[in-house]
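Reviewing the structure listed below.
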Number of protein chains: 2
Amino acid sequence: MPKPTFFNLAEEKRKAILEIAIKEFAENDYQSASISRMVARLGIAKGSFYQYFEDKRDLYFHLLDLVMQERLAFMQQPSTPDLHEGFFQYAQWLLEMGLRYDFAHPRLGQILYRALFGSGPFHDESLGQIKTSLLAYQRQMLALGVSLGEIDPTLDLEVAAHLLNAIMTDFSGLIVTRLQLDTERLKQGDYSQLDSPKLRELSAEVIKIVQYGLAKRSG
Amino acid sequence: MPKPTFFNLAEEKRKAILEIAIKEFAENDYQSASISRMVARLGIAKGSFYQYFEDKRDLYFHLLDLVMQERLAFMQQPSTPDLHEGFFQYAQWLLEMGLRYDFAHPRLGQILYRALFGSGPFHDESLGQIKTSLLAYQRQMLALGVSLGEIDPTLDLEVAAHLLNAIMTDFSGLIVTRLQLDTERLKQGDYSQLDSPKLRELSAEVIKIVQYGLAKRSG
DNA sequence: CAGTCATGTGACTAGTCAGTCACATCACCA
DNA sequence: TGGTGATGTGACTGACTAGTCACATGACTG
């Protein structure tokens with residue numbers, strides 16, 4: 001937890017610190033993210049940093065908290081469909097929103113991605129918990145899908161949850177290559193290509209495969 | 001490319017260097033992998049290292065080469081089924097072999113995994129090529145599956161290849177949690193739990209989902 | 001005004017790192 | 001034996017790191 005001093009700061013300054021910190025941890029892994037570089041960019045003294053945070057780790061976990069909060073808030077939009085209205089419809093919506101989030105907050109996404117798949121000094125600690133909770137959610141979704149009669153009840157739900165999760169996290173990478181988005185332009189905030197109807201087409205295609213598999217339908 | 005001096009070394013010494021280097025790059029990302037630590041462990045002088053390799057990057061790319069070579073060699077076993085005898089049978093075999101490889105060479109797998117999903121200083125360079133070539137292979141497989149009449153010809157093969165690839169690379173993580181394998185024991189070379197028939201059961205379950213999807217079959 | 005307390009500061013410690021270089025050692029050959 | 005070229009060496013450079021601390025500034029209060 002950041003020290004009280006940090007929360008007493010003028011909002012402007014606090015936001016500036018977070019902005020630079022997010023940039024630093026998005027562009028570098030935990031080890032390589034540099035406090036010296038951050039304070040230099042912020043134009044504040046090294047000592048000040050240590051009045052805001054216990055240490056580097058303290059800042060890092062605070063950022064992870066923010067990332068998860070942002071993501072949850074982003075997902076809780078009024079347009080959210082009800083899972084009871086259709087499992088695969090809901091899954092497609094999840095896919096699309098996850099993608100939109102990654103485009104809207106590429107740096108936050110990067111930090112989360114690093115925490116999930118990277119291997120910093122705290123890989124087992126609480127970061128594993130994020131992954132576990134994501135998987136638990138997918139599993140819960142699937143269980144509901146089974147009870148709605150949409151999901152094959154003979155499936156191993158743990159395996160299915162893993163696959164669903166793998167596909168969803170991989171989806172961003174797919175879209176980026178597919179739409180041939182210029183990563184640099186993305187970083188600079190130009191998301192115009194997102195409006196392309198291809199996004200919906202693609203998520204529909206993915207869900208179709210998830211739903212019916214690769215096999216040629218008999219006939 | 002390593003300098004000629006490296007290849008002139010006695011095989012014993014060369015292997016010792018590679019062993020320590022693999023350990024170092026498996027346990028740390030590129031930035032954190034330390035040449036100073038390596039030469040200390042090897043009991044050789046820092047200068048000697050720079051007579052074997054141009055620089056850190058040179059060593060790293062040499063290791064990546066080795067990893068890919070090892071993996072290819074591992075996959076080209078006499079037991080390899082013919083893709084023409086059945087797409088999904090072949091896919092299941094691929095899944096199982098990939099897993100066995102990761103168990104047999106956990107450190108090499110770790111290095112490859114880092115190269116694919118990490119974000120070192122050379123992420124765009126040639127490492128992207130590895131991923132691209134893996135994807136190209138999956139895509140080729142799928143195209144053959146279509147021509148064999150096993151794969152739904154209306155699918156977008158690029159999307160399908162991505163999903164297949166995501167599932168395959170995620171599979172190792174799934175198995176490790178599923179079989180509740182002790183990672184430490186694995187590192188020490190105890191692979192006894194691999195004999196479990198669960199391995200085949202699980203890969204079959206995964207392929208079943210890939211083949212027919214999650215949806216409850218009508219009826 | 002003096003006192004107190006939160007906040008800001010940057011030089012400093014003790015450690016890390018990749019990479020260099022003048023020198024030493026060794027093997028081999030004339 | 002002396003010479004030559006490959007190989008080995010480790011102290012050294014310059015640059016970086018996280019974190020500390022004695023001190024400075026500012027604001028608010030009695």
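The way I read the labels, and the way they are meant: chains A, B, ... in the order of the structure tokens, residue 1 as the first residue of every chain, and ligand 1 as the first ligand shown, with later ones counted on from there.
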Contact set, chain C to chain A: 8 Å, only C-alpha atoms (C1' of nucleotides), as a list of chain:residue names: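 Those within range of chain A come out as C:DG8, C:DT9, C:DG10.
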Long-range neighbours of His162 of chain B as a ChimeraX atom specification, 12 Å cut-off, only C-alpha atoms (C1' of nucleotides), 2 positions minimum in chain: /A:166-175,177-178,202,205-206,209 /B:131-139,142,156-160,164-169
How would the residues just picked look written out with N, CA and C atoms as a short mmCIF file (atom, residue, chain, number, x, y, z; two decimals), in the first residue's frame?
```cif
data_model
loop_
_atom_site.label_atom_id
_atom_site.label_comp_id
_atom_site.auth_asym_id
_atom_site.auth_seq_id
_atom_site.Cartn_x
_atom_site.Cartn_y
_atom_site.Cartn_z
N ALA A 166 -7.39 -19.32 -22.80
CA ALA A 166 -6.25 -19.21 -23.72
C ALA A 166 -6.68 -18.48 -24.99
N ILE A 167 -7.85 -18.83 -25.48
CA ILE A 167 -8.35 -18.23 -26.71
C ILE A 167 -8.63 -16.74 -26.51
N MET A 168 -9.24 -16.42 -25.38
CA MET A 168 -9.59 -15.02 -25.14
C MET A 168 -8.34 -14.15 -25.02
N THR A 169 -7.34 -14.63 -24.31
CA THR A 169 -6.14 -13.80 -24.12
C THR A 169 -5.34 -13.71 -25.41
N ASP A 170 -5.44 -14.75 -26.23
CA ASP A 170 -4.70 -14.73 -27.48
C ASP A 170 -5.36 -13.82 -28.52
N PHE A 171 -6.62 -13.53 -28.27
CA PHE A 171 -7.43 -12.85 -29.27
C PHE A 171 -6.87 -11.47 -29.65
N SER A 172 -6.40 -10.75 -28.66
CA SER A 172 -5.85 -9.44 -28.95
C SER A 172 -4.74 -9.51 -30.00
N GLY A 173 -3.82 -10.45 -29.76
CA GLY A 173 -2.71 -10.61 -30.70
C GLY A 173 -3.22 -10.91 -32.09
N LEU A 174 -4.25 -11.74 -32.15
CA LEU A 174 -4.82 -12.09 -33.45
C LEU A 174 -5.36 -10.86 -34.18
N ILE A 175 -6.15 -10.10 -33.46
CA ILE A 175 -6.77 -8.93 -34.07
C ILE A 175 -5.72 -7.95 -34.59
N THR A 177 -2.70 -8.45 -35.64
CA THR A 177 -2.11 -8.87 -36.91
C THR A 177 -3.15 -8.82 -38.02
N ARG A 178 -4.38 -9.24 -37.70
CA ARG A 178 -5.42 -9.33 -38.71
C ARG A 178 -5.77 -7.97 -39.32
N LEU A 202 -14.82 -11.00 -36.86
CA LEU A 202 -13.79 -11.87 -36.34
C LEU A 202 -14.21 -12.52 -35.03
N GLU A 205 -16.50 -15.22 -35.73
CA GLU A 205 -15.82 -16.40 -36.28
C GLU A 205 -15.17 -17.21 -35.15
N VAL A 206 -14.53 -16.50 -34.24
CA VAL A 206 -13.88 -17.19 -33.13
C VAL A 206 -14.91 -17.96 -32.31
N ILE A 209 -16.13 -21.13 -33.88
CA ILE A 209 -15.23 -22.28 -33.73
C ILE A 209 -15.31 -22.84 -32.31
N LYS B 131 7.28 -17.21 -33.96
CA LYS B 131 5.84 -17.32 -33.80
C LYS B 131 5.15 -17.41 -35.16
N THR B 132 5.61 -16.56 -36.08
CA THR B 132 5.02 -16.57 -37.41
C THR B 132 5.17 -17.93 -38.07
N SER B 133 6.34 -18.55 -37.90
CA SER B 133 6.56 -19.83 -38.56
C SER B 133 5.73 -20.92 -37.90
N LEU B 134 5.56 -20.84 -36.57
CA LEU B 134 4.69 -21.79 -35.89
C LEU B 134 3.27 -21.67 -36.42
N LEU B 135 2.81 -20.42 -36.53
CA LEU B 135 1.45 -20.19 -37.03
C LEU B 135 1.30 -20.69 -38.46
N ALA B 136 2.34 -20.44 -39.27
CA ALA B 136 2.29 -20.87 -40.66
C ALA B 136 2.14 -22.39 -40.73
N TYR B 137 2.81 -23.08 -39.82
CA TYR B 137 2.73 -24.53 -39.80
C TYR B 137 1.32 -25.00 -39.45
N GLN B 138 0.75 -24.38 -38.42
CA GLN B 138 -0.62 -24.74 -38.02
C GLN B 138 -1.59 -24.51 -39.17
N ARG B 139 -1.37 -23.43 -39.86
CA ARG B 139 -2.25 -23.07 -40.96
C ARG B 139 -2.18 -24.08 -42.09
N LEU B 142 -3.96 -27.17 -41.11
CA LEU B 142 -5.41 -27.01 -41.24
C LEU B 142 -5.85 -27.10 -42.70
N ASP B 156 -12.45 -19.63 -41.37
CA ASP B 156 -11.33 -18.74 -41.65
C ASP B 156 -10.08 -19.42 -41.08
N LEU B 157 -9.22 -19.89 -41.95
CA LEU B 157 -8.09 -20.71 -41.50
C LEU B 157 -7.08 -19.92 -40.67
N GLU B 158 -6.99 -18.64 -40.91
CA GLU B 158 -6.05 -17.85 -40.12
C GLU B 158 -6.52 -17.75 -38.68
N VAL B 159 -7.80 -17.50 -38.52
CA VAL B 159 -8.38 -17.48 -37.18
C VAL B 159 -8.21 -18.84 -36.51
N ALA B 160 -8.52 -19.88 -37.25
CA ALA B 160 -8.43 -21.23 -36.71
C ALA B 160 -7.01 -21.56 -36.28
N LEU B 164 -5.82 -22.66 -32.57
CA LEU B 164 -5.12 -23.92 -32.37
C LEU B 164 -3.79 -23.67 -31.67
N ASN B 165 -3.09 -22.65 -32.14
CA ASN B 165 -1.79 -22.32 -31.58
C ASN B 165 -1.91 -21.89 -30.12
N ALA B 166 -2.91 -21.05 -29.84
CA ALA B 166 -3.11 -20.59 -28.47
C ALA B 166 -3.39 -21.77 -27.55
N ILE B 167 -4.20 -22.68 -28.01
CA ILE B 167 -4.57 -23.84 -27.20
C ILE B 167 -3.36 -24.73 -26.94
N MET B 168 -2.58 -24.94 -27.97
CA MET B 168 -1.42 -25.83 -27.83
C MET B 168 -0.40 -25.26 -26.85
N THR B 169 -0.13 -23.95 -26.97
CA THR B 169 0.89 -23.39 -26.08
C THR B 169 0.37 -23.28 -24.66
#
```
Residues of chain D within 10 Å of chain B, only C-alpha atoms (C1' of nucleotides) counted, as number ranges by chain: D: 6-10
Quick one: which residues from chain B are at most 6 Å off chain A, using only C-alpha atoms, as a PDB file with C-alpha atoms, in the first residue's frame?
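So the final result, stored in part39.pdb, reads:
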```pdb
ATOM      1  CA  GLU B 150     -12.043 -33.342 -41.940  1.00  0.00           C
ATOM      2  CA  ILE B 151     -12.100 -29.603 -41.382  1.00  0.00           C
ATOM      3  CA  ASP B 152     -15.045 -27.331 -42.010  1.00  0.00           C
ATOM      4  CA  LEU B 163      -6.846 -20.597 -31.862  1.00  0.00           C
ATOM      5  CA  ALA B 166      -3.109 -20.586 -28.467  1.00  0.00           C
ATOM      6  CA  ILE B 167      -4.570 -23.837 -27.196  1.00  0.00           C
ATOM      7  CA  VAL B 210     -11.222 -28.438 -30.649  1.00  0.00           C
ATOM      8  CA  GLN B 211     -12.975 -30.873 -32.953  1.00  0.00           C
ATOM      9  CA  TYR B 212     -16.603 -30.485 -31.916  1.00  0.00           C
ATOM     10  CA  GLY B 213     -16.665 -27.293 -29.868  1.00  0.00           C
ATOM     11  CA  LEU B 214     -18.343 -26.567 -26.585  1.00  0.00           C
ATOM     12  CA  ALA B 215     -21.922 -26.693 -27.784  1.00  0.00           C
ATOM     13  CA  LYS B 216     -24.280 -29.397 -26.639  1.00  0.00           C
TER      14      LYS B 216
END
```
Exercise: Tyr101 of chain B partners within 8 Å, only C-alpha atoms (C1' of nucleotides), chain neighbours under 6 positions left out, as a PyMOL selection string: chain B and resi 71+74+109
For Ser36 of chain B: contacts at 9 Å, only C-alpha atoms (C1' of nucleotides), fewer than 5 positions along chain excluded, given as a VMD selection string: (chain B and resid 41 46) or (chain C and resid 17 to 18)
DSSP-assigned helix (DSSP H, G or I) members of chain B, reported as a ChimeraX atom specification: /B:4-8,11-27,35-42,46-52,56-75,83-85,87-104,106-117,127-147,157-178,183-187,192-195,198-212
Close residues, Leu83 of chain A itself excluded, 9 Å, only C-alpha atoms (C1' of nucleotides), min 6 positions apart in chain, as a ChimeraX atom specification: /A:89-91,141,144-145
Length of the atom CA of Phe53 of chain A to atom CA of Lys3 of chain A vector [Å]: 5.5 Å
Computed interatomic separation between atom CA of Lys15 of chain B and atom CA of Ser79 of chain B (Å):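 Atom CA of Ser79 of chain B lies 28.8 Å from atom CA of Lys15 of chain B.
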Between atom CA of Tyr30 of chain B and atom C1' of DC16 of chain D, distance in Å (one decimal): 16.3 Å
